[in-house]
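input24.cif follows; it contains mmCIF, C-alpha atoms and all ligand atoms.
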```cif
data_coords
loop_
_atom_site.label_atom_id
_atom_site.label_comp_id
_atom_site.auth_asym_id
_atom_site.auth_seq_id
_atom_site.Cartn_x
_atom_site.Cartn_y
_atom_site.Cartn_z
CA MET A 1 2.99 -57.80 20.61
CA LYS A 2 4.44 -61.25 21.44
CA LYS A 3 7.87 -62.07 20.00
CA ILE A 4 6.44 -64.65 17.57
CA GLU A 5 3.84 -62.16 16.33
CA GLU A 6 6.55 -59.51 15.88
CA LEU A 7 8.52 -61.87 13.66
CA LYS A 8 5.44 -62.77 11.61
CA PHE A 9 4.51 -59.11 11.21
CA SER A 10 8.06 -58.19 10.09
CA SER A 11 7.90 -60.89 7.39
CA GLU A 12 4.49 -59.66 6.28
CA ILE A 13 5.80 -56.09 5.95
CA ILE A 14 8.83 -57.18 3.91
CA THR A 15 6.64 -59.34 1.63
CA LYS A 16 4.23 -56.43 1.10
CA ALA A 17 7.10 -54.03 0.26
CA LYS A 18 8.33 -56.47 -2.38
CA GLU A 19 4.80 -56.91 -3.78
CA LEU A 20 4.70 -53.14 -4.15
CA GLY A 21 7.94 -53.24 -6.18
CA ALA A 22 10.78 -52.93 -3.65
CA THR A 23 13.95 -54.81 -4.59
CA LEU A 24 14.84 -55.27 -0.91
CA ALA A 25 13.25 -54.31 2.39
CA GLY A 26 14.09 -54.62 6.06
CA ILE A 27 13.43 -53.23 9.52
CA ALA A 28 15.68 -51.24 11.86
CA ASN A 29 14.67 -50.74 15.48
CA ILE A 30 15.15 -47.06 16.37
CA GLU A 31 16.97 -47.87 19.63
CA ASP A 32 19.61 -49.69 17.51
CA LEU A 33 19.79 -46.74 15.11
CA LYS A 34 20.31 -44.05 17.74
CA SER A 35 23.83 -45.34 18.39
CA ALA A 36 24.66 -46.10 14.72
CA PRO A 37 27.73 -44.24 13.36
CA SER A 38 26.12 -41.53 11.19
CA TYR A 39 23.68 -40.52 13.94
CA VAL A 40 26.56 -39.97 16.35
CA VAL A 41 29.28 -38.68 14.00
CA ALA A 42 27.36 -36.39 11.59
CA PRO A 43 26.33 -33.82 14.26
CA LEU A 44 30.02 -33.48 15.25
CA MET A 45 31.24 -32.87 11.70
CA PRO A 46 31.63 -29.38 10.19
CA PRO A 47 28.19 -28.45 8.77
CA TYR A 48 27.59 -29.36 5.12
CA SER A 49 25.55 -27.22 2.74
CA GLY A 50 26.35 -28.69 -0.68
CA VAL A 51 24.23 -30.79 -3.04
CA GLY A 52 21.92 -33.14 -1.11
CA ALA A 53 21.52 -30.72 1.81
CA ASN A 54 18.28 -28.78 2.05
CA LYS A 55 18.66 -25.10 2.88
CA GLU A 56 15.25 -24.92 4.56
CA ARG A 57 15.27 -26.57 7.97
CA ILE A 58 11.86 -27.53 9.41
CA ASP A 59 12.75 -26.43 12.94
CA ASP A 60 15.78 -25.48 15.02
CA ARG A 61 17.46 -28.89 14.84
CA LYS A 62 21.26 -28.64 14.87
CA PRO A 63 23.28 -29.40 11.71
CA GLY A 64 23.45 -33.17 11.20
CA GLU A 65 21.01 -33.93 14.02
CA VAL A 66 18.13 -36.38 13.56
CA ILE A 67 14.97 -35.84 15.61
CA TRP A 68 12.69 -38.87 15.52
CA PRO A 69 8.97 -38.45 14.79
CA GLU A 70 6.88 -38.71 17.98
CA GLY A 71 5.93 -42.28 18.88
CA ALA A 72 8.21 -43.80 16.22
CA LYS A 73 9.68 -47.15 17.29
CA SER A 74 10.97 -48.84 14.12
CA VAL A 75 12.05 -47.85 10.61
CA ILE A 76 11.09 -49.74 7.46
CA VAL A 77 13.82 -49.31 4.82
CA VAL A 78 13.20 -50.12 1.18
CA ALA A 79 15.75 -50.34 -1.63
CA TYR A 80 15.19 -50.06 -5.37
CA ALA A 81 17.80 -51.46 -7.77
CA HIS A 82 19.54 -48.95 -10.06
CA PRO A 83 21.44 -51.19 -12.50
CA GLU A 84 24.13 -49.74 -14.72
CA GLU A 85 22.08 -50.41 -17.86
CA LYS A 86 19.21 -48.24 -16.60
CA PRO A 87 21.10 -44.99 -15.83
CA GLU A 88 17.97 -42.89 -16.44
CA LEU A 89 16.54 -44.10 -13.10
CA ASP A 90 19.05 -41.76 -11.40
CA TYR A 91 18.72 -38.68 -13.66
CA TRP A 92 17.20 -35.45 -12.39
CA TYR A 93 14.87 -33.86 -14.95
CA GLY A 94 14.84 -30.15 -14.06
CA SER A 95 13.57 -30.06 -10.49
CA ASN A 96 11.67 -33.35 -10.96
CA ASP A 97 12.71 -36.31 -8.80
CA PRO A 98 14.52 -39.13 -10.63
CA ILE A 99 12.32 -42.00 -11.85
CA GLY A 100 13.93 -44.39 -9.33
CA ASN A 101 13.13 -42.06 -6.44
CA ARG A 102 9.55 -41.75 -7.64
CA GLN A 103 9.26 -45.54 -7.52
CA LEU A 104 10.53 -45.49 -3.94
CA ILE A 105 8.04 -42.78 -2.97
CA ARG A 106 5.21 -44.83 -4.52
CA ILE A 107 6.28 -47.98 -2.63
CA ILE A 108 6.49 -46.20 0.73
CA LYS A 109 3.10 -44.52 0.16
CA GLY A 110 1.60 -47.95 -0.58
CA LEU A 111 3.12 -49.38 2.60
CA CYS A 112 1.85 -46.43 4.68
CA GLU A 113 -1.71 -46.89 3.41
CA TRP A 114 -1.66 -50.66 3.94
CA LEU A 115 -0.24 -50.40 7.47
CA MET A 116 -2.70 -47.67 8.48
CA ASN A 117 -5.81 -49.16 6.93
CA SER A 118 -5.28 -52.89 7.41
CA HIS A 119 -3.25 -52.90 10.63
CA ASN A 120 -4.10 -49.63 12.37
CA VAL A 121 -0.39 -48.74 12.64
CA GLY A 122 0.80 -45.12 13.10
CA VAL A 123 3.14 -44.28 10.21
CA PHE A 124 5.42 -41.46 9.07
CA HIS A 125 6.82 -41.22 5.53
CA LEU A 126 10.39 -39.95 6.04
CA PRO A 127 11.52 -37.19 3.66
CA TYR A 128 14.83 -37.53 1.79
CA HIS A 129 16.63 -34.58 3.42
CA VAL A 130 17.92 -34.92 6.96
CA GLU A 131 17.33 -31.17 7.47
CA ARG A 132 13.64 -31.71 6.58
CA GLY A 133 13.05 -34.58 9.03
CA GLY A 134 14.80 -37.41 7.15
CA ILE A 135 17.25 -39.92 8.61
CA TYR A 136 20.59 -41.47 7.62
CA LEU A 137 19.32 -44.18 5.33
CA LYS A 138 22.54 -46.16 4.74
CA ASP A 139 22.99 -46.88 8.46
CA ALA A 140 19.30 -47.82 8.66
CA ALA A 141 19.77 -50.21 5.73
CA VAL A 142 22.81 -51.82 7.40
CA ILE A 143 20.92 -52.37 10.68
CA ALA A 144 18.00 -53.73 8.62
CA GLY A 145 20.33 -56.33 7.08
CA LEU A 146 20.39 -55.04 3.50
CA GLY A 147 24.21 -55.02 3.26
CA CYS A 148 27.32 -53.34 4.67
CA ILE A 149 28.99 -49.95 4.19
CA GLY A 150 31.69 -50.54 1.62
CA LYS A 151 34.90 -48.59 1.10
CA CYS A 152 32.95 -46.69 -1.56
CA ASN A 153 31.02 -45.26 1.45
CA LEU A 154 27.80 -46.72 0.04
CA LEU A 155 25.54 -49.55 1.15
CA VAL A 156 26.81 -52.67 -0.63
CA ASN A 157 24.40 -55.59 -0.95
CA PRO A 158 25.79 -59.05 -1.82
CA GLU A 159 23.38 -59.42 -4.78
CA TYR A 160 23.05 -55.85 -6.14
CA GLY A 161 26.29 -54.24 -4.95
CA PRO A 162 25.97 -50.51 -4.23
CA ARG A 163 23.60 -49.94 -7.18
CA LEU A 164 20.56 -49.33 -5.00
CA ARG A 165 18.63 -46.28 -3.82
CA LEU A 166 16.91 -46.07 -0.45
CA ARG A 167 13.88 -44.60 1.28
CA GLY A 168 12.28 -45.10 4.67
CA MET A 169 9.26 -44.69 6.93
CA THR A 170 8.67 -45.09 10.66
CA ILE A 171 6.01 -47.11 12.47
CA ASP A 172 4.82 -46.84 16.06
CA ILE A 173 5.36 -50.56 16.68
CA GLU A 174 8.45 -52.02 18.30
CA LEU A 175 9.97 -54.61 15.96
CA PRO A 176 13.40 -56.23 16.15
CA SER A 177 16.03 -55.18 13.58
CA THR A 178 16.35 -57.64 10.68
CA GLY A 179 20.16 -57.21 10.51
CA PRO A 180 23.02 -56.54 10.44
CA LEU A 181 24.62 -59.06 8.07
CA MET A 182 28.12 -60.42 8.58
CA TYR A 183 29.39 -59.42 5.15
CA ASP A 184 32.46 -57.51 3.96
CA PRO A 185 33.45 -57.78 0.28
CA CYS A 186 36.01 -54.96 0.63
CA ARG A 187 38.46 -57.18 2.49
CA PHE A 188 39.15 -59.03 -0.78
CA CYS A 189 39.05 -56.08 -3.17
CA ASP A 190 41.59 -53.76 -4.78
CA GLU A 191 39.52 -50.68 -3.81
CA ARG A 192 38.76 -49.72 -7.39
CA CYS A 193 35.88 -47.54 -6.14
CA ASN A 194 38.42 -45.25 -4.44
CA LYS A 195 40.82 -45.15 -7.38
CA VAL A 196 38.22 -44.17 -9.98
CA CYS A 197 37.07 -40.95 -8.28
CA PRO A 198 37.68 -37.91 -10.54
CA GLN A 199 38.02 -35.59 -7.51
CA LYS A 200 40.27 -37.90 -5.48
CA ALA A 201 37.67 -37.76 -2.73
CA PHE A 202 39.10 -40.88 -1.01
CA ASP A 203 42.80 -40.03 -1.17
CA LYS A 204 43.33 -38.42 2.26
CA LYS A 205 42.12 -39.24 5.73
CA VAL A 206 39.95 -36.32 6.82
CA TYR A 207 38.25 -37.73 9.94
CA SER A 208 39.90 -39.69 12.74
CA ALA A 209 38.61 -42.02 15.44
CA THR A 210 40.29 -39.95 18.15
CA GLU A 211 38.50 -36.82 16.99
CA TYR A 212 35.04 -38.42 16.48
CA GLY A 213 35.10 -41.23 19.07
CA ARG A 214 34.11 -43.88 16.51
CA ASN A 215 35.94 -46.24 14.19
CA GLU A 216 33.14 -46.25 11.55
CA LEU A 217 33.77 -43.06 9.66
CA PRO A 218 32.97 -41.68 6.16
CA GLY A 219 34.58 -44.06 3.63
CA ARG A 220 34.88 -46.43 6.63
CA ASP A 221 38.35 -45.19 7.62
CA GLY A 222 37.57 -41.47 7.51
CA ASN A 223 38.95 -41.01 3.99
CA TYR A 224 35.75 -39.98 2.14
CA ASN A 225 35.71 -36.19 1.69
CA ARG A 226 32.17 -35.01 0.97
CA ASN A 227 33.33 -31.52 0.02
CA LEU A 228 35.47 -32.92 -2.82
CA CYS A 229 32.63 -35.19 -3.94
CA ASN A 230 30.38 -32.13 -3.94
CA VAL A 231 32.80 -30.37 -6.32
CA GLN A 232 31.96 -33.10 -8.86
CA MET A 233 28.21 -32.79 -8.18
CA LYS A 234 28.44 -29.06 -8.95
CA ILE A 235 30.34 -29.79 -12.18
CA ASP A 236 27.63 -32.30 -13.13
CA GLU A 237 24.96 -29.64 -12.57
CA GLU A 238 26.87 -27.02 -14.57
CA THR A 239 27.46 -29.35 -17.50
CA ALA A 240 23.89 -30.72 -17.61
CA GLU A 241 22.29 -30.45 -21.03
CA VAL A 242 18.76 -29.43 -21.95
CA GLN A 243 17.08 -32.35 -23.72
CA LYS A 244 13.68 -33.36 -25.05
CA ILE A 245 12.48 -36.31 -22.95
CA GLU A 246 9.35 -38.38 -23.65
CA LEU A 247 8.05 -37.88 -20.09
CA PHE A 248 7.78 -34.10 -20.45
CA ASP A 249 6.13 -31.74 -22.97
CA GLU A 250 8.94 -29.16 -22.83
CA PRO A 251 12.72 -29.80 -23.02
CA VAL A 252 14.29 -30.17 -19.53
CA ARG A 253 17.77 -29.92 -18.00
CA VAL A 254 18.99 -33.48 -17.37
CA VAL A 255 21.44 -33.75 -14.45
CA LYS A 256 23.46 -36.96 -14.36
CA TYR A 257 25.23 -36.97 -11.00
CA CYS A 258 28.51 -38.86 -10.74
CA ARG A 259 28.28 -42.56 -9.87
CA ARG A 260 31.81 -43.66 -10.79
CA CYS A 261 32.60 -45.15 -7.35
CA GLU A 262 29.27 -46.98 -7.36
CA LEU A 263 29.61 -48.33 -10.91
CA ALA A 264 33.23 -49.46 -10.40
CA CYS A 265 32.32 -51.89 -7.61
CA PRO A 266 32.46 -55.52 -8.83
CA VAL A 267 29.78 -56.69 -6.39
CA GLY A 268 26.47 -57.26 -8.20
CA LYS A 269 27.97 -55.99 -11.47
CA GLY A 270 26.19 -57.29 -14.52
CA LYS A 271 23.16 -58.50 -12.59
CA VAL A 272 20.25 -58.42 -15.01
CA ILE A 273 17.08 -56.88 -13.61
CA ASP A 274 13.71 -56.89 -15.44
C1 LIG B 1 23.87 -35.44 1.64
C2 LIG B 1 24.01 -36.63 0.72
C3 LIG B 1 25.01 -36.59 -0.25
C4 LIG B 1 26.08 -35.47 -0.27
C5 LIG B 1 27.07 -35.66 0.91
C6 LIG B 1 27.47 -37.13 1.08
C7 LIG B 1 27.97 -37.58 2.45
N1 LIG B 1 28.15 -38.87 2.59
O1 LIG B 1 28.18 -36.81 3.37
C8 LIG B 1 26.70 -35.67 -1.70
C9 LIG B 1 25.94 -34.79 -2.68
C10 LIG B 1 28.18 -35.36 -1.81
C11 LIG B 1 26.32 -37.13 -1.99
C12 LIG B 1 26.97 -37.91 -2.94
C13 LIG B 1 26.52 -39.17 -3.30
N2 LIG B 1 25.37 -39.76 -2.94
CO1 LIG B 1 24.30 -39.16 -1.46
N3 LIG B 1 23.19 -38.72 -0.06
C14 LIG B 1 23.13 -37.74 0.82
C15 LIG B 1 22.04 -37.95 1.89
C16 LIG B 1 20.89 -36.99 1.64
C17 LIG B 1 22.56 -37.80 3.33
C18 LIG B 1 23.92 -38.50 3.57
C19 LIG B 1 24.64 -37.96 4.77
O2 LIG B 1 24.61 -36.79 5.06
N4 LIG B 1 25.30 -38.83 5.53
C20 LIG B 1 26.00 -38.43 6.74
C21 LIG B 1 27.50 -38.53 6.57
C22 LIG B 1 28.18 -37.92 7.73
O3 LIG B 1 27.78 -39.90 6.59
P1 LIG B 1 28.66 -40.71 5.54
O4 LIG B 1 29.57 -39.88 4.76
O5 LIG B 1 27.69 -41.56 4.82
O6 LIG B 1 29.55 -41.60 6.55
C23 LIG B 1 28.94 -42.50 7.44
C24 LIG B 1 28.83 -43.93 6.90
O7 LIG B 1 29.95 -44.25 6.13
C25 LIG B 1 28.76 -44.72 8.21
N5 LIG B 1 29.50 -45.95 8.34
C26 LIG B 1 30.82 -46.21 8.08
N6 LIG B 1 31.13 -47.46 8.42
C27 LIG B 1 30.01 -48.03 8.94
C28 LIG B 1 29.76 -49.29 9.48
C29 LIG B 1 28.48 -49.59 9.97
C30 LIG B 1 28.25 -50.94 10.57
C31 LIG B 1 27.41 -48.63 9.88
C32 LIG B 1 26.05 -48.96 10.40
C33 LIG B 1 27.67 -47.36 9.33
C34 LIG B 1 28.95 -47.08 8.89
O8 LIG B 1 29.36 -43.88 9.21
C35 LIG B 1 29.83 -42.69 8.63
C36 LIG B 1 29.78 -41.56 9.65
O9 LIG B 1 30.76 -41.81 10.64
C37 LIG B 1 21.64 -39.46 1.65
C38 LIG B 1 20.13 -39.77 1.83
C39 LIG B 1 19.81 -40.00 3.29
N7 LIG B 1 18.82 -39.31 3.79
O10 LIG B 1 20.49 -40.77 3.95
C40 LIG B 1 22.08 -39.70 0.18
C41 LIG B 1 22.65 -41.09 -0.23
C42 LIG B 1 23.58 -41.57 0.85
N8 LIG B 1 23.40 -40.81 -1.45
C43 LIG B 1 23.35 -41.76 -2.29
C44 LIG B 1 24.12 -41.79 -3.50
C45 LIG B 1 23.82 -42.93 -4.46
C46 LIG B 1 25.09 -40.80 -3.78
C47 LIG B 1 26.04 -40.71 -5.00
C48 LIG B 1 26.45 -41.97 -5.74
C49 LIG B 1 25.51 -39.66 -6.01
C50 LIG B 1 24.33 -40.12 -6.83
N9 LIG B 1 24.48 -40.29 -8.15
O11 LIG B 1 23.24 -40.30 -6.27
C51 LIG B 1 27.27 -40.03 -4.31
C52 LIG B 1 28.17 -41.06 -3.62
C53 LIG B 1 29.16 -40.49 -2.66
C54 LIG B 1 29.78 -41.55 -1.75
N10 LIG B 1 30.67 -42.36 -2.28
O12 LIG B 1 29.42 -41.65 -0.57
C55 LIG B 1 22.43 -42.90 -1.83
C56 LIG B 1 23.26 -44.11 -1.36
C57 LIG B 1 22.73 -45.46 -1.85
C58 LIG B 1 23.64 -46.59 -1.38
N11 LIG B 1 23.70 -47.67 -2.13
O13 LIG B 1 24.31 -46.47 -0.35
C59 LIG B 1 21.62 -42.20 -0.71
C60 LIG B 1 21.14 -43.09 0.44
C61 LIG B 1 20.39 -41.53 -1.38
C62 LIG B 1 19.44 -42.46 -2.10
N12 LIG B 1 18.77 -41.89 -3.07
O14 LIG B 1 19.29 -43.63 -1.87
N13 LIG B 1 25.27 -37.51 -1.23
S1 LIG B 2 34.89 -51.66 -5.16
FE1 LIG B 2 35.76 -53.13 -3.72
S2 LIG B 2 36.48 -51.87 -1.98
FE2 LIG B 2 35.03 -50.64 -3.16
S3 LIG B 2 33.04 -50.99 -2.20
FE3 LIG B 2 33.20 -52.46 -3.88
S4 LIG B 2 34.04 -54.29 -2.92
FE4 LIG B 2 34.41 -52.62 -1.48
S1 LIG B 3 30.26 -39.90 -6.60
FE1 LIG B 3 31.97 -39.43 -8.01
S2 LIG B 3 32.99 -37.66 -7.09
FE2 LIG B 3 31.71 -38.58 -5.49
S3 LIG B 3 33.05 -40.01 -4.42
FE3 LIG B 3 32.00 -41.20 -6.02
S4 LIG B 3 33.41 -41.12 -7.77
FE4 LIG B 3 34.05 -39.49 -6.37
#
```
Transcribe the structure of this file into structure tokens.
Amino acid sequence: MKKIEELKFSSEIITKAKELGATLAGIANIEDLKSAPSYVVAPLMPPYSGVGANKERIDDRKPGEVIWPEGAKSVIVVAYAHPEEKPELDYWYGSNDPIGNRQLIRIIKGLCEWLMNSHNVGVFHLPYHVERGGIYLKDAAVIAGLGCIGKCNLLVNPEYGPRLRLRGMTIDIELPSTGPLMYDPCRFCDERCNKVCPQKAFDKKVYSATEYGRNELPGRDGNYNRNLCNVQMKIDEETAEVQKIELFDEPVRVVKYCRRCELACPVGKGKVID
């Protein structure tokens, strides 16, 4: 594809994703992603088996390792806004995916069908779990220009802050990355995201640049401790209540995972979303 056609096609993809309901969308070239921090650092970290890790691996990939689908050249990343006033988008109902995640799955499925049927593009819908063939979505979103990694260790977008959820798919067409952005709100902030954590997950440096060979570490400086964060996730599961919800015939256990760091961030706070 000629450069001009690549640019036109990228715009068409982003427009289509938004028509399907995405809040934001962008493209990350896989060659750019292979050297992105999580892809390099995660396989060197002690293995993690807490909440958000899937016990069933699809093959013999090493802990933290990403193996790209055959023929994949670029990733399409979509984001769906999760504003503070719609907390139910993030709730787990029993083993059912949160409503926000279901929206993301629907959008990616729509994009896959459109790209296959109208453009004859080879697609792969990436699962959520890295152990099941997924990828590190925050790094992909940064390379795609959707925002930066804030000191909250989340993707922070200038308009929506960190209150976004992500999903991705690959295509077998080489497209240029649509980012990154030159944006860093944390330079001017009092780090309230770190201070609000009930488990003090940001209080100590646990990873260092000398040990991992990179300056971009969890929490940016290596001070986000996923094991402490996971302690809170376990508490949230244990304290989940069984409730009667309109969506389901029978009462279900509603898990409301902690979002204090995310909700404390002033960026995008109060943005009204229809
Ligand atoms: C496993 C997992 C968890 C685990 C472990 C978290 C961890 N970070 O290790 C637990 C259960 C603890 C967890 C907690 C949460 N999670 Co979580 N989690 C995931 C999952 C499945 C994989 C993440 C992972 O393993 N990353 C690898 C580790 C090693 O990387 P890391 O800690 O993020 O650190 C890297 C980055 O900071 C990056 N980095 C630092 N600086 C820079 C600079 C640049 C330029 C770049 C490119 C990168 C970069 O480099 C670091 C590595 O060196 C992703 C989905 C996915 N497939 O990506 C969701 C995901 C990251 N989680 C998400 C969310 C929202 C949460 C929670 C708020 C809980 C909730 N209510 O959903 C908390 C927030 C914790 C926090 N402050 O980071 C969202 C983030 C959305 C966003 N706006 O960023 C994701 C993308 C899922 C989704 N549905 O969209 N999570
Ligand atoms: S609260 Fe402040 S330091 Fe934390 S992510 Fe948001 S802007 Fe950055
Ligand atoms: S999600 Fe909760 S426990 Fe985890 S880092 Fe953020 S504030 Fe701390």
Residues of segment 78-175 of chain A within 12 Å of segment 256-263 of chain A: nearest atom pair and distance (Å, one decimal) for each, counting only C-alpha atoms, sorted by chain and number, as a Markdown table?
```
| residue | atom | partner | partner_atom | distance |
| --- | --- | --- | --- | --- |
| A:His82 | CA | A:Leu263 | CA | 10.1 |
| A:Pro83 | CA | A:Leu263 | CA | 8.8 |
| A:Glu84 | CA | A:Leu263 | CA | 6.8 |
| A:Glu85 | CA | A:Leu263 | CA | 10.5 |
| A:Lys86 | CA | A:Leu263 | CA | 11.9 |
| A:Pro87 | CA | A:Lys256 | CA | 8.5 |
| A:Glu88 | CA | A:Lys256 | CA | 8.3 |
| A:Leu89 | CA | A:Lys256 | CA | 10.0 |
| A:Asp90 | CA | A:Lys256 | CA | 7.2 |
| A:Tyr91 | CA | A:Lys256 | CA | 5.1 |
| A:Trp92 | CA | A:Lys256 | CA | 6.7 |
| A:Tyr93 | CA | A:Lys256 | CA | 9.2 |
| A:Gly94 | CA | A:Lys256 | CA | 11.0 |
| A:Pro98 | CA | A:Lys256 | CA | 9.9 |
| A:Ile149 | CA | A:Glu262 | CA | 11.9 |
| A:Gly150 | CA | A:Glu262 | CA | 10.0 |
| A:Lys151 | CA | A:Cys261 | CA | 9.4 |
| A:Cys152 | CA | A:Cys261 | CA | 6.0 |
| A:Asn153 | CA | A:Cys261 | CA | 8.9 |
| A:Leu154 | CA | A:Glu262 | CA | 7.5 |
| A:Leu155 | CA | A:Glu262 | CA | 9.6 |
| A:Val156 | CA | A:Glu262 | CA | 9.1 |
| A:Asn157 | CA | A:Glu262 | CA | 11.8 |
| A:Tyr160 | CA | A:Glu262 | CA | 10.9 |
| A:Gly161 | CA | A:Glu262 | CA | 8.2 |
| A:Pro162 | CA | A:Glu262 | CA | 5.8 |
| A:Arg163 | CA | A:Glu262 | CA | 6.4 |
| A:Leu164 | CA | A:Glu262 | CA | 9.3 |
| A:Arg165 | CA | A:Glu262 | CA | 11.2 |
```
Residue contacts of Val75 of chain A (8 Å, all atoms listed in the file) excluding same-chain residues fewer than 3 positions away, as number ranges by chain: A: 27-30, 72, 140, 168-171
Proximity check chain A to ligand LIG 3 (chain B), 10 Å, nearest pairs one decimal Å, all atoms listed in the file, as CSV:
```
residue,atom,partner,partner_atom,distance
A:Cys152,CA,B:LIG3,FE3,7.1
A:Asn153,CA,B:LIG3,S3,8.1
A:Leu154,CA,B:LIG3,FE3,9.2
A:Cys193,CA,B:LIG3,S4,7.1
A:Asn194,CA,B:LIG3,S4,7.3
A:Lys195,CA,B:LIG3,S4,8.4
A:Val196,CA,B:LIG3,S4,6.1
A:Cys197,CA,B:LIG3,S4,3.7
A:Pro198,CA,B:LIG3,FE4,5.7
A:Gln199,CA,B:LIG3,S2,5.5
A:Lys200,CA,B:LIG3,FE4,6.5
A:Ala201,CA,B:LIG3,S3,5.4
A:Phe202,CA,B:LIG3,S3,7.0
A:Gly219,CA,B:LIG3,S3,9.1
A:Tyr224,CA,B:LIG3,S3,7.1
A:Asn225,CA,B:LIG3,S3,7.7
A:Arg226,CA,B:LIG3,FE2,7.4
A:Asn227,CA,B:LIG3,FE2,9.1
A:Leu228,CA,B:LIG3,S2,6.8
A:Cys229,CA,B:LIG3,FE2,3.8
A:Asn230,CA,B:LIG3,FE2,6.8
A:Val231,CA,B:LIG3,S2,7.3
A:Gln232,CA,B:LIG3,S2,5.0
A:Met233,CA,B:LIG3,S2,6.9
A:Lys234,CA,B:LIG3,S2,9.9
A:Ile235,CA,B:LIG3,S2,9.7
A:Asp236,CA,B:LIG3,S2,9.7
A:Tyr257,CA,B:LIG3,S1,7.3
A:Cys258,CA,B:LIG3,FE1,4.4
A:Arg259,CA,B:LIG3,S1,4.7
A:Arg260,CA,B:LIG3,S4,4.3
A:Cys261,CA,B:LIG3,S4,4.1
A:Glu262,CA,B:LIG3,FE3,6.5
A:Leu263,CA,B:LIG3,S4,8.7
A:Ala264,CA,B:LIG3,S4,8.7
```
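One distance worth recording is that between atom O4 of ligand LIG 1 (chain B) and atom CA of Leu146 of chain A, which is 17.8 Å.
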Would you kindly return, as a ChimeraX atom specification, each protein, DNA or RNA residue with an atom no farther than 8 Å from any atom of segment 101-111 of chain A, considering all atoms listed in the file and excluding same-chain residues fewer than 3 positions away? /A:13,16-17,20-22,78-80,89-90,97-98,114-115,125,165-169
Write to file, as an mmCIF file, keeping the file's coordinate frame, the residues of the selection just made, with C-alpha atoms.
```
data_model
loop_
_atom_site.group_PDB
_atom_site.id
_atom_site.type_symbol
_atom_site.label_atom_id
_atom_site.label_comp_id
_atom_site.auth_asym_id
_atom_site.auth_seq_id
_atom_site.Cartn_x
_atom_site.Cartn_y
_atom_site.Cartn_z
ATOM 1 C CA ILE A 13 5.800 -56.090 5.950
ATOM 2 C CA LYS A 16 4.230 -56.430 1.100
ATOM 3 C CA ALA A 17 7.100 -54.030 0.260
ATOM 4 C CA LEU A 20 4.700 -53.140 -4.150
ATOM 5 C CA GLY A 21 7.940 -53.240 -6.180
ATOM 6 C CA ALA A 22 10.780 -52.930 -3.650
ATOM 7 C CA VAL A 78 13.200 -50.120 1.180
ATOM 8 C CA ALA A 79 15.750 -50.340 -1.630
ATOM 9 C CA TYR A 80 15.190 -50.060 -5.370
ATOM 10 C CA LEU A 89 16.540 -44.100 -13.100
ATOM 11 C CA ASP A 90 19.050 -41.760 -11.400
ATOM 12 C CA ASP A 97 12.710 -36.310 -8.800
ATOM 13 C CA PRO A 98 14.520 -39.130 -10.630
ATOM 14 C CA TRP A 114 -1.660 -50.660 3.940
ATOM 15 C CA LEU A 115 -0.240 -50.400 7.470
ATOM 16 C CA HIS A 125 6.820 -41.220 5.530
ATOM 17 C CA ARG A 165 18.630 -46.280 -3.820
ATOM 18 C CA LEU A 166 16.910 -46.070 -0.450
ATOM 19 C CA ARG A 167 13.880 -44.600 1.280
ATOM 20 C CA GLY A 168 12.280 -45.100 4.670
ATOM 21 C CA MET A 169 9.260 -44.690 6.930
#
```
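Each of A:Thr15, A:Ser10, A:Asn223, A:Ser118 was compared to ligand LIG 1 (chain B) using only C-alpha atoms and all ligand atoms, and A:Asn223 turns out to be the nearest.
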Padding of 5 Å on every side, edges along x, y and z, all listed atoms of segment 102-105 of chain A included: what centre and edge lengths in Å, to one decimal, does that box have, as AutoDock Vina command-line options?
```
--center_x 9.3 --center_y -43.6 --center_z -5.3 --size_x 12.5 --size_y 13.8 --size_z 14.7
```
Counting only C-alpha atoms and all ligand atoms, which of A:Val130, A:Leu181, A:Cys265, A:Ile76 gets nearest to ligand LIG 1 (chain B)?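 Among the listed residues, A:Val130 lies closest to ligand LIG 1 (chain B).
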Take atom CA of Glu211 of chain A and atom CA of Met45 of chain A and report the distance between them in Å, one decimal.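 Atom-to-atom, atom CA of Glu211 of chain A and atom CA of Met45 of chain A are spaced 9.8 Å apart.
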Between atom CA of Ala141 of chain A and atom CA of Glu237 of chain A, what is the spacing in Å?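 Going from atom CA of Glu237 of chain A over to atom CA of Ala141 of chain A, I get 28.0 Å.
Comparing A:Leu247, A:Cys112, A:Leu24, A:Cys148 by their smallest distance to ligand LIG 2 (chain B), the closest is A:Cys148 (using all atoms listed in the file).
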For a quick check of understanding, using all atoms listed in the file, which of A:Asp221, A:Ser177, A:Val252, A:Val206 has the smallest distance to ligand LIG 2 (chain B)?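 Residue with the minimum atom-to-atom distance to ligand LIG 2 (chain B): A:Asp221.
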Neighbouring residues of Val40 of chain A were defined as those with any atom within 10 Å, considering all atoms listed in the file; residues of the same chain fewer than 2 positions away were excluded. Please report them as a PyMOL selection string. chain A and resi 33-38+42-45+64-66+212-214
In terms of all atoms listed in the file, the residue from A:Val142, A:Ile58, A:Cys189, A:Ala53 at minimal distance from Tyr128 of chain A is A:Ala53
Please identify all polymer residues within 10 Å of Ser95 of chain A, counting only C-alpha atoms, omitting same-chain residues fewer than 6 positions from it, and present them as an NGL selection string. :A and (252-255)
I need the residue nearest Lys138 of chain A from this list: A:Ser208, A:Tyr39, A:Tyr183, A:Gly222. Use all atoms listed in the file for the distance.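 Under the stated criterion, the closest residue is A:Tyr39.
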